[in-house]
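K.L.:
Take this structure first; my questions come after.
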Amino acid sequence: MADVTLMKTPAETALVQAFESAKTTLPGSTESRAQAFEQFSARGLPHRRVEEFKYTDLRALLREVAPFAGVPTADEAKAALGGSKAFADVAALQVPFVNGHFVREAVDFAKLPEGVEIVPLREALANGHEWLAKLSPVPWASGNPVYQLNTSFMADGVMIRVAGSVETPVHLRFVTATGSAIATATRVLVVVEDDASFTLLESHESTSGANHQPNDVIEMIAGDRTNVQHVRLNAEGDKALALSTLALKVGAEANFNSINVVAGSATSRHQVYAILNGENTNLRVNGATMLKGTQHGDSTLVVEHNALHCESRELFKTVIDDEATGVFQGKIIVPHHAQKTDGRMMSAALLLAEGGSMNNKPELEIFADDVQCAHGATCGQLDEDLLFYLKARGLPQKEAESLLVQAFLGESIEFVENEDVREALVGTVEGWLKARS
Amino acid sequence: MPAVQETIDQVRSIDVDQYKYGFETEVEMEKSPKGLSEDVIRFISAKKGEPEWMLQWRLDAYKRWLTMTEPSWARVSYDKIDYNDIYYYAAPKKNPAPKSLDEVDPEILKTYEKLGIPLREQEILAGVEPERRVAVDAVFDSVSVATTFKEELAKAGVIFMPISEAIREYPDLVKQYLGTVVPVTDNFFATLNSAVFTDGSFVYIPPGVRCPMELSTYFRINEKNTGQFERTLIIADKGSYVSYLEGCTAPKRDENQLHAAVVELIALDDAEIKYSTVQNWYPGDAEGRGGIYNFVTKRGDCRGKNSVITWTQVETGSAITWKYPSCILRGDNSRGEFYSIAVSNGMQQVDSGTKMIHLGKNTTSRIISKGIAAGKSENTYRGLVSAHRKATGARNFTNCDSLLIGNQCGAHTVPYIESKNATAVFEHEATTSKISEDQMFYCQQRGLSEEEATALIVNGFVKDVLQQLPMEFAVEAQKLISISLEGSVG
């Protein structure tokens, strides 16, 4: 393999053209966008020879780039929001997006819960808001091509600042309502001040089956002694190619829980880049992925322990039916100074049908000598003995399977503290299983 | 938990400045012209008296190699190797092909004596129980200087000889199997080896034969500026069994020397091959000067049903180790095993692991890997377990632990687990909490301190791995046995 001149794929050429025509109309300075795009186009779309994308070949998966979505009219937005139903039973502050654009009319800025401030990102970018200074990316994210594309194209989003103990969850509700293929890029910045506690819900839904290519980034900075719950639900349409990133910095003595539940998209890749900057912090990152048909679901995770005495727990559960493909790539990094780290990473996959495949790559990179780090990965079928036990008690095959799958995924979901939210997620799992039988 | 004192002392006792085999033997050598070219390959081929097809095979490999680039994915860094600054062939000038031990240069015999390798059959018989006999093929730089027990093995039908001899005497067997497990085009170093390989062992065990003794090859690099490119080919025909051992040492030098070997194992129906390595190449000094660059391609093919291939390795040497002994589990019900202890000290860099490729039905594999990093070394486990569509009922269990001593070293694990079959069951774990509380309680109740109890239990566990080593190598591995893995990280 001698050095060859990189041929641009049609998708890459389309991205270059899209950036050229959009860069002047997108909010904020074009300089940082141009820089990110330059970094992206120097290497192009990642393919299977790029280690991080070994199992998710974006060059092959993203053949055609959809046009970036325009701002919906007020009526369109209203109609779209009326149809969606994720977390419908959870009392939360709705922060809705339609086709990647923030619907500000739907938020009553005068009646925000105490301790919550929200600023539309377009305004913030245009005025150079002071919080933007906090937008320094996590090192692992900034070199990532998906993140670079988001930085280049981000069209809308919000900035949220939380202080004190906030009871009402904030629900970022992303709805796609379109007849034709569209691409969207949103960015949400969340600043959780010291001692604050807060729940962030995030749902991605589509009212139509159109091809949707979202690229969503949430950057969160959680201060010292914070307590944050983050729940993400991917219920995109079955033609979507959904890329998402959570870039996270956590301070000392904090508690941070995040779960990503995948029940939609033809192809999805959720990336978590977390860095623990303060001592005695607990981090939990979970995943529950349900795949069927020819779906492809990728969970990628890098956790860097950058301080003493931190604990991290990662538990990823993947259920694979039909000919779907699951991917888990996790990495725990412990530098010299992060002594007394306790990290545990686990990925478990269940293959329900003959044609499915699972790729696991749990990595450890350790430089400190007084730490406990472990990783595990399993892959297999449902336990025959358990199935037999249930069937002996009169349950039909499918029902017995459903029960075991629910229990399997439930292990990952049970860490969600808010009962209504947990119920909603269990409901999603039940819905997926019902559609199966 | 940090490493216990006992472990630290054990690792220290095999630190890079304690290298015992660093002496040099003064023998007049005959070398090929420096560098690599078609002429050098023709020179090597002519020296070995090879048939035309072998020369052509080498030249094809060389042409292919010229188009390849050195791989860079491993977690090792080293100065660029100048492939034209190496002698690819070096053999003792006095009688490079001795007919008997009496013709071998006494200096060389002395070398093996110093290394503790028995080359005289009567000595072996006098000292050791008959069932513990080991046949030795001693490879000195580019040539095999002695092979013991050849006649006795021949009586059992076992062919054990230097590969260069086998190419002349059994061309059909060699032709049939050479390059079928590690193709010429497999990777940069394997292709280089295919072009310039000099010596190594050839083993053929006929159907139904249990090899009457352990076979072993002892590799010694001696000459300056040379590289060693050995090639080993082991074929276990239907229902046969063989245990093969390999040892390696080299003198202390400030230069880096290249060792790029290829080992191919083929197990037919119901056959079993046990391949054990104690790799103790010169690791370089504490500042990272000198040492062997060890780029090795080892692969076993469980071609027949119910066949078994076991790799056991104790790795303490080499400045750089790049080595992934693998098993292709092609035959139904075949089994692959990999047991490894890799200790890195000083500035050593180890990137090692295994590949278990499940192709046949009901194939099973087990991986037990222990990495211990001390000093400023880097120790990486890199492994692949994959089940293909037709590998119904495949099973794998992997356990890889690593331990750090001091905070200037690094331990990394990069496992790839790929399953394309729903009935395949893969389990991978790398945990520290494998010591059961019951066992701890039992020991502590009998008056052992927590640390002693842990050491005892862990030692028992490591011994499990080392028991895979044949008796003869157990002595060399003895130092490692008591290394406890308490406080290890996944």
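Every chain in the structure tokens takes a letter, A first, then B, and so on in the order presented; its residues are numbered from 1, and the ligands are numbered from 1 following the presented order.
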Among stretch 24-159 of chain A, which ones does DSSP place in strand (DSSP E), written as a list of chain:residue names?
P.N.:
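Matching residues, listed in order: A:Leu93, A:Gln94, A:Val95, A:Pro96, A:Phe97, A:Val98, A:His101, A:Phe102, A:Val116, A:Glu117, A:Ile118, A:Val119, A:Pro120, A:Asp156, A:Gly157, A:Val158, A:Met159.
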K.L.:
Sorted by chain and rising residue number, list the residues of chain A at most 7 Å from chain B (counting only C-alpha atoms), each with its closest atom pair and distance in Å to one decimal, as JSON lines.
P.N.:
```
{"residue": "A:Met1", "atom": "CA", "partner": "B:Met68", "partner_atom": "CA", "distance": 6.4}
{"residue": "A:His336", "atom": "CA", "partner": "B:Asn407", "partner_atom": "CA", "distance": 5.9}
{"residue": "A:Leu351", "atom": "CA", "partner": "B:Ala422", "partner_atom": "CA", "distance": 5.0}
{"residue": "A:Leu352", "atom": "CA", "partner": "B:Ala422", "partner_atom": "CA", "distance": 6.7}
{"residue": "A:Ala353", "atom": "CA", "partner": "B:Ala422", "partner_atom": "CA", "distance": 6.1}
{"residue": "A:Glu354", "atom": "CA", "partner": "B:Ala422", "partner_atom": "CA", "distance": 5.3}
{"residue": "A:Gly355", "atom": "CA", "partner": "B:Asn421", "partner_atom": "CA", "distance": 6.8}
{"residue": "A:Gly356", "atom": "CA", "partner": "B:Lys420", "partner_atom": "CA", "distance": 6.1}
{"residue": "A:Ser357", "atom": "CA", "partner": "B:Lys420", "partner_atom": "CA", "distance": 4.2}
{"residue": "A:Met358", "atom": "CA", "partner": "B:Ser419", "partner_atom": "CA", "distance": 5.2}
{"residue": "A:Asn359", "atom": "CA", "partner": "B:Glu418", "partner_atom": "CA", "distance": 4.3}
{"residue": "A:Asn360", "atom": "CA", "partner": "B:Ile417", "partner_atom": "CA", "distance": 4.8}
{"residue": "A:Lys361", "atom": "CA", "partner": "B:Tyr416", "partner_atom": "CA", "distance": 4.7}
{"residue": "A:Pro362", "atom": "CA", "partner": "B:Pro415", "partner_atom": "CA", "distance": 6.3}
{"residue": "A:Glu363", "atom": "CA", "partner": "B:Val414", "partner_atom": "CA", "distance": 4.8}
{"residue": "A:Leu364", "atom": "CA", "partner": "B:Thr413", "partner_atom": "CA", "distance": 5.1}
{"residue": "A:Glu365", "atom": "CA", "partner": "B:His412", "partner_atom": "CA", "distance": 4.5}
{"residue": "A:Ile366", "atom": "CA", "partner": "B:Ala411", "partner_atom": "CA", "distance": 5.2}
{"residue": "A:Phe367", "atom": "CA", "partner": "B:Gly410", "partner_atom": "CA", "distance": 4.3}
{"residue": "A:Ala368", "atom": "CA", "partner": "B:Asn407", "partner_atom": "CA", "distance": 5.1}
{"residue": "A:Asp369", "atom": "CA", "partner": "B:Leu404", "partner_atom": "CA", "distance": 5.0}
{"residue": "A:Asp370", "atom": "CA", "partner": "B:Pro2", "partner_atom": "CA", "distance": 4.7}
{"residue": "A:Val371", "atom": "CA", "partner": "B:Met1", "partner_atom": "CA", "distance": 6.4}
{"residue": "A:Gln372", "atom": "CA", "partner": "B:Val489", "partner_atom": "CA", "distance": 5.5}
{"residue": "A:Cys373", "atom": "CA", "partner": "B:Val489", "partner_atom": "CA", "distance": 5.1}
{"residue": "A:Ala374", "atom": "CA", "partner": "B:Gly490", "partner_atom": "CA", "distance": 4.4}
{"residue": "A:His375", "atom": "CA", "partner": "B:Ala430", "partner_atom": "CA", "distance": 5.5}
{"residue": "A:Gly376", "atom": "CA", "partner": "B:Glu429", "partner_atom": "CA", "distance": 4.3}
{"residue": "A:Ala377", "atom": "CA", "partner": "B:His428", "partner_atom": "CA", "distance": 4.9}
{"residue": "A:Thr378", "atom": "CA", "partner": "B:Glu427", "partner_atom": "CA", "distance": 4.5}
{"residue": "A:Cys379", "atom": "CA", "partner": "B:Phe426", "partner_atom": "CA", "distance": 5.1}
{"residue": "A:Gly380", "atom": "CA", "partner": "B:Val425", "partner_atom": "CA", "distance": 4.5}
{"residue": "A:Gln381", "atom": "CA", "partner": "B:Ala422", "partner_atom": "CA", "distance": 5.8}
```
K.L.:
Using only C-alpha atoms, which residue out of A:His204, A:Arg122, A:Arg33, A:Arg49 lies closest to A:Val98?
P.N.:
A:His204
K.L.:
Pick out the residues sitting within 8 Å of A:Glu304, and hand them over as a list in words; count only C-alpha atoms, and ignore anything fewer than 4 positions along from it in its own chain.
P.N.:
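The neighbour list is Ala274, Ile275, Leu276, Ile332, Ile333 and Val334 of chain A.
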K.L.:
Rank A:Leu45, A:Ala263, A:Val303, A:Ala74 by their smallest atom-to-atom distance to A:Leu233, using only C-alpha atoms, and report the top residue only.
P.N.:
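Ranked by minimum distance to A:Leu233, first place goes to A:Ala263.
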K.L.:
Mind giving me the straight-line distance from atom CA of A:Lys434 to atom CA of A:Glu401 in Å, one decimal?
P.N.:
11.2 Å
K.L.:
Name all residues at most 8 Å from stretch 331-347 of chain B (count only C-alpha atoms; drop same-chain ones fewer than 2 positions away) and give them as a count of residues only.
P.N.:
57
K.L.:
I want to know what sits within 12 Å of A:Asp298, based on only C-alpha atoms, with residues of the same chain fewer than 3 positions away left out; could you give that as a CSV table (one decimal) with N, CA and C atoms, in the first residue's frame?
P.N.:
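Now in part_16.csv:
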```csv
chain,number,residue,atom,x,y,z
A,52,GLU,N,-10.7,3.3,14.8
A,52,GLU,CA,-11.9,3.7,15.5
A,52,GLU,C,-13.2,3.3,14.8
A,53,PHE,N,-13.1,3.2,13.5
A,53,PHE,CA,-14.3,2.9,12.7
A,53,PHE,C,-14.2,1.6,12.0
A,54,LYS,N,-13.4,0.7,12.5
A,54,LYS,CA,-13.2,-0.6,12.0
A,54,LYS,C,-14.5,-1.4,11.7
A,55,TYR,N,-15.4,-1.3,12.6
A,55,TYR,CA,-16.7,-2.0,12.5
A,55,TYR,C,-17.8,-1.2,11.9
A,56,THR,N,-17.6,0.1,11.8
A,56,THR,CA,-18.6,1.0,11.3
A,56,THR,C,-18.0,1.8,10.2
A,57,ASP,N,-18.1,1.3,9.0
A,57,ASP,CA,-17.4,1.9,7.8
A,57,ASP,C,-18.3,3.0,7.3
A,58,LEU,N,-18.1,4.3,7.7
A,58,LEU,CA,-18.9,5.4,7.3
A,58,LEU,C,-18.8,5.6,5.8
A,241,LEU,N,-29.7,7.3,9.5
A,241,LEU,CA,-28.3,7.1,9.8
A,241,LEU,C,-27.9,8.1,10.9
A,242,ALA,N,-28.0,7.6,12.1
A,242,ALA,CA,-27.9,8.6,13.2
A,242,ALA,C,-26.5,8.5,13.9
A,243,LEU,N,-25.9,9.7,13.9
A,243,LEU,CA,-24.6,9.8,14.6
A,243,LEU,C,-24.7,10.7,15.7
A,244,SER,N,-24.2,10.3,16.9
A,244,SER,CA,-24.3,11.2,18.0
A,244,SER,C,-23.1,11.1,18.9
A,245,THR,N,-22.8,12.2,19.7
A,245,THR,CA,-21.7,12.3,20.5
A,245,THR,C,-22.1,12.9,21.8
A,260,ASN,N,-27.9,5.2,27.1
A,260,ASN,CA,-28.4,5.4,25.7
A,260,ASN,C,-29.2,4.1,25.3
A,261,VAL,N,-30.5,4.3,25.0
A,261,VAL,CA,-31.3,3.2,24.6
A,261,VAL,C,-31.6,3.4,23.1
A,262,VAL,N,-31.2,2.3,22.4
A,262,VAL,CA,-31.4,2.4,20.9
A,262,VAL,C,-32.5,1.4,20.5
A,265,SER,N,-33.3,3.6,13.9
A,265,SER,CA,-32.2,3.9,13.0
A,265,SER,C,-31.8,2.6,12.2
A,266,ALA,N,-31.5,2.8,10.9
A,266,ALA,CA,-30.9,1.8,10.1
A,266,ALA,C,-29.5,1.6,10.6
A,267,THR,N,-28.8,2.7,10.8
A,267,THR,CA,-27.4,2.7,11.3
A,267,THR,C,-27.3,3.7,12.4
A,268,SER,N,-26.8,3.3,13.5
A,268,SER,CA,-26.6,4.3,14.6
A,268,SER,C,-25.2,4.2,15.2
A,269,ARG,N,-24.6,5.3,15.5
A,269,ARG,CA,-23.4,5.2,16.3
A,269,ARG,C,-23.4,6.3,17.3
A,270,HIS,N,-23.3,5.9,18.6
A,270,HIS,CA,-23.3,6.8,19.7
A,270,HIS,C,-22.0,6.8,20.3
A,271,GLN,N,-21.3,7.9,20.4
A,271,GLN,CA,-20.0,8.0,21.0
A,271,GLN,C,-20.0,8.7,22.3
A,272,VAL,N,-19.4,8.2,23.3
A,272,VAL,CA,-19.3,8.9,24.6
A,272,VAL,C,-17.8,9.1,24.8
A,287,GLY,N,-25.7,1.2,28.3
A,287,GLY,CA,-26.3,1.2,27.0
A,287,GLY,C,-27.3,0.0,26.9
A,288,ALA,N,-28.4,0.2,26.2
A,288,ALA,CA,-29.3,-0.9,25.9
A,288,ALA,C,-29.7,-0.8,24.5
A,289,THR,N,-29.2,-1.7,23.7
A,289,THR,CA,-29.4,-1.6,22.2
A,289,THR,C,-30.2,-2.7,21.7
A,290,MET,N,-31.3,-2.4,20.9
A,290,MET,CA,-32.1,-3.5,20.4
A,290,MET,C,-32.0,-3.4,18.8
A,291,LEU,N,-31.6,-4.4,18.2
A,291,LEU,CA,-31.4,-4.4,16.7
A,291,LEU,C,-32.1,-5.5,16.1
A,295,GLN,N,-30.3,-3.8,10.8
A,295,GLN,CA,-29.8,-2.7,11.5
A,295,GLN,C,-28.4,-2.8,12.0
A,301,LEU,N,-17.0,4.2,23.2
A,301,LEU,CA,-16.9,4.9,24.5
A,301,LEU,C,-15.4,5.0,24.8
A,316,PHE,N,-22.9,-2.3,28.9
A,316,PHE,CA,-23.6,-2.2,27.6
A,316,PHE,C,-24.2,-3.6,27.2
A,317,LYS,N,-25.5,-3.5,27.0
A,317,LYS,CA,-26.3,-4.7,26.6
A,317,LYS,C,-26.8,-4.5,25.2
A,318,THR,N,-26.6,-5.6,24.4
A,318,THR,CA,-27.1,-5.5,23.0
A,318,THR,C,-27.9,-6.8,22.7
A,324,ALA,N,-29.0,-8.4,12.0
A,324,ALA,CA,-28.4,-7.1,12.5
A,324,ALA,C,-27.0,-7.3,13.0
A,325,THR,N,-26.3,-6.2,13.1
A,325,THR,CA,-24.9,-6.2,13.6
A,325,THR,C,-24.8,-5.2,14.7
A,326,GLY,N,-24.2,-5.7,15.8
A,326,GLY,CA,-23.9,-4.9,17.0
A,326,GLY,C,-22.4,-4.6,17.1
A,327,VAL,N,-22.1,-3.4,17.6
A,327,VAL,CA,-20.7,-3.1,17.8
A,327,VAL,C,-20.5,-2.5,19.2
A,328,PHE,N,-19.5,-2.9,19.9
A,328,PHE,CA,-19.2,-2.2,21.1
A,328,PHE,C,-17.7,-2.0,21.1
A,329,GLN,N,-17.3,-0.7,21.2
A,329,GLN,CA,-15.8,-0.4,21.4
A,329,GLN,C,-15.7,0.5,22.6
A,330,GLY,N,-15.0,0.0,23.6
A,330,GLY,CA,-14.9,0.8,24.8
A,330,GLY,C,-13.4,0.9,25.2
A,358,MET,N,-21.9,-9.8,16.2
A,358,MET,CA,-21.6,-8.9,17.2
A,358,MET,C,-20.1,-8.7,17.2
A,359,ASN,N,-19.6,-7.5,17.3
A,359,ASN,CA,-18.2,-7.2,17.4
A,359,ASN,C,-17.9,-6.4,18.7
A,360,ASN,N,-17.1,-7.0,19.5
A,360,ASN,CA,-16.8,-6.4,20.8
A,360,ASN,C,-15.3,-6.0,20.8
A,361,LYS,N,-15.0,-4.9,21.4
A,361,LYS,CA,-13.6,-4.5,21.5
A,361,LYS,C,-13.4,-3.7,22.8
```
K.L.:
From a DSSP calculation on the backbone, collect every residue of stretch 138-211 of chain A in alpha helix (DSSP H) and output the set as a PyMOL selection string.
P.N.:
chain A and resi 139-142+145-153
K.L.:
Selected residues, N, CA and C atoms, written as an mmCIF file, in the first residue's frame, please.
P.N.:
```cif
data_model
loop_
_atom_site.group_PDB
_atom_site.id
_atom_site.type_symbol
_atom_site.label_atom_id
_atom_site.label_comp_id
_atom_site.auth_asym_id
_atom_site.auth_seq_id
_atom_site.Cartn_x
_atom_site.Cartn_y
_atom_site.Cartn_z
ATOM 1 N N PRO A 139 -10.476 16.138 24.593
ATOM 2 C CA PRO A 139 -9.441 15.810 23.604
ATOM 3 C C PRO A 139 -9.808 14.680 22.646
ATOM 4 N N TRP A 140 -10.416 13.634 23.164
ATOM 5 C CA TRP A 140 -10.719 12.492 22.304
ATOM 6 C C TRP A 140 -11.766 12.827 21.264
ATOM 7 N N ALA A 141 -12.648 13.797 21.590
ATOM 8 C CA ALA A 141 -13.715 14.137 20.661
ATOM 9 C C ALA A 141 -13.203 14.995 19.519
ATOM 10 N N SER A 142 -12.278 15.914 19.820
ATOM 11 C CA SER A 142 -11.908 16.908 18.806
ATOM 12 C C SER A 142 -11.246 16.282 17.581
ATOM 13 N N PRO A 145 -13.903 12.424 13.442
ATOM 14 C CA PRO A 145 -14.495 12.994 12.224
ATOM 15 C C PRO A 145 -15.982 13.317 12.362
ATOM 16 N N VAL A 146 -16.706 12.529 13.159
ATOM 17 C CA VAL A 146 -18.139 12.800 13.337
ATOM 18 C C VAL A 146 -18.318 14.121 14.096
ATOM 19 N N TYR A 147 -17.497 14.308 15.112
ATOM 20 C CA TYR A 147 -17.540 15.551 15.893
ATOM 21 C C TYR A 147 -17.116 16.736 15.017
ATOM 22 N N GLN A 148 -16.084 16.523 14.204
ATOM 23 C CA GLN A 148 -15.620 17.602 13.323
ATOM 24 C C GLN A 148 -16.714 18.014 12.341
ATOM 25 N N LEU A 149 -17.452 17.032 11.819
ATOM 26 C CA LEU A 149 -18.550 17.353 10.905
ATOM 27 C C LEU A 149 -19.623 18.159 11.620
ATOM 28 N N ASN A 150 -19.902 17.791 12.866
ATOM 29 C CA ASN A 150 -20.898 18.532 13.621
ATOM 30 C C ASN A 150 -20.438 19.973 13.850
ATOM 31 N N THR A 151 -19.165 20.137 14.227
ATOM 32 C CA THR A 151 -18.637 21.482 14.434
ATOM 33 C C THR A 151 -18.753 22.308 13.142
ATOM 34 N N SER A 152 -18.537 21.668 12.015
ATOM 35 C CA SER A 152 -18.604 22.383 10.734
ATOM 36 C C SER A 152 -20.033 22.798 10.396
ATOM 37 N N PHE A 153 -20.993 21.902 10.655
ATOM 38 C CA PHE A 153 -22.345 22.115 10.138
ATOM 39 C C PHE A 153 -23.386 22.490 11.188
#
```
K.L.:
At a cut-off of 10 Å, using only C-alpha atoms, what residues contact B:Gly49? Leave out same-chain residues fewer than 6 positions from it and give the result as a PDB file with C-alpha atoms, in the first residue's frame.
P.N.:
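Saved the output as result01.pdb:
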```pdb
ATOM      1  CA  PHE B  43      23.541 -16.984  -2.603  1.00  0.00           C
ATOM      2  CA  LEU B  55      14.732 -20.563  -5.259  1.00  0.00           C
ATOM      3  CA  SER B 164      17.193 -27.012   4.601  1.00  0.00           C
ATOM      4  CA  GLU B 165      17.915 -30.724   4.729  1.00  0.00           C
ATOM      5  CA  ILE B 167      13.922 -29.449   1.304  1.00  0.00           C
ATOM      6  CA  ARG B 168      16.568 -31.704  -0.267  1.00  0.00           C
TER       7      ARG B 168
END
```
K.L.:
Got a sec: who's within 12 Å of B:Glu30, counting only C-alpha atoms, leaving out chain neighbours fewer than 6 positions off, as a PyMOL selection string?
P.N.:
chain B and resi 43-44+47+87-96+141-143+223+226
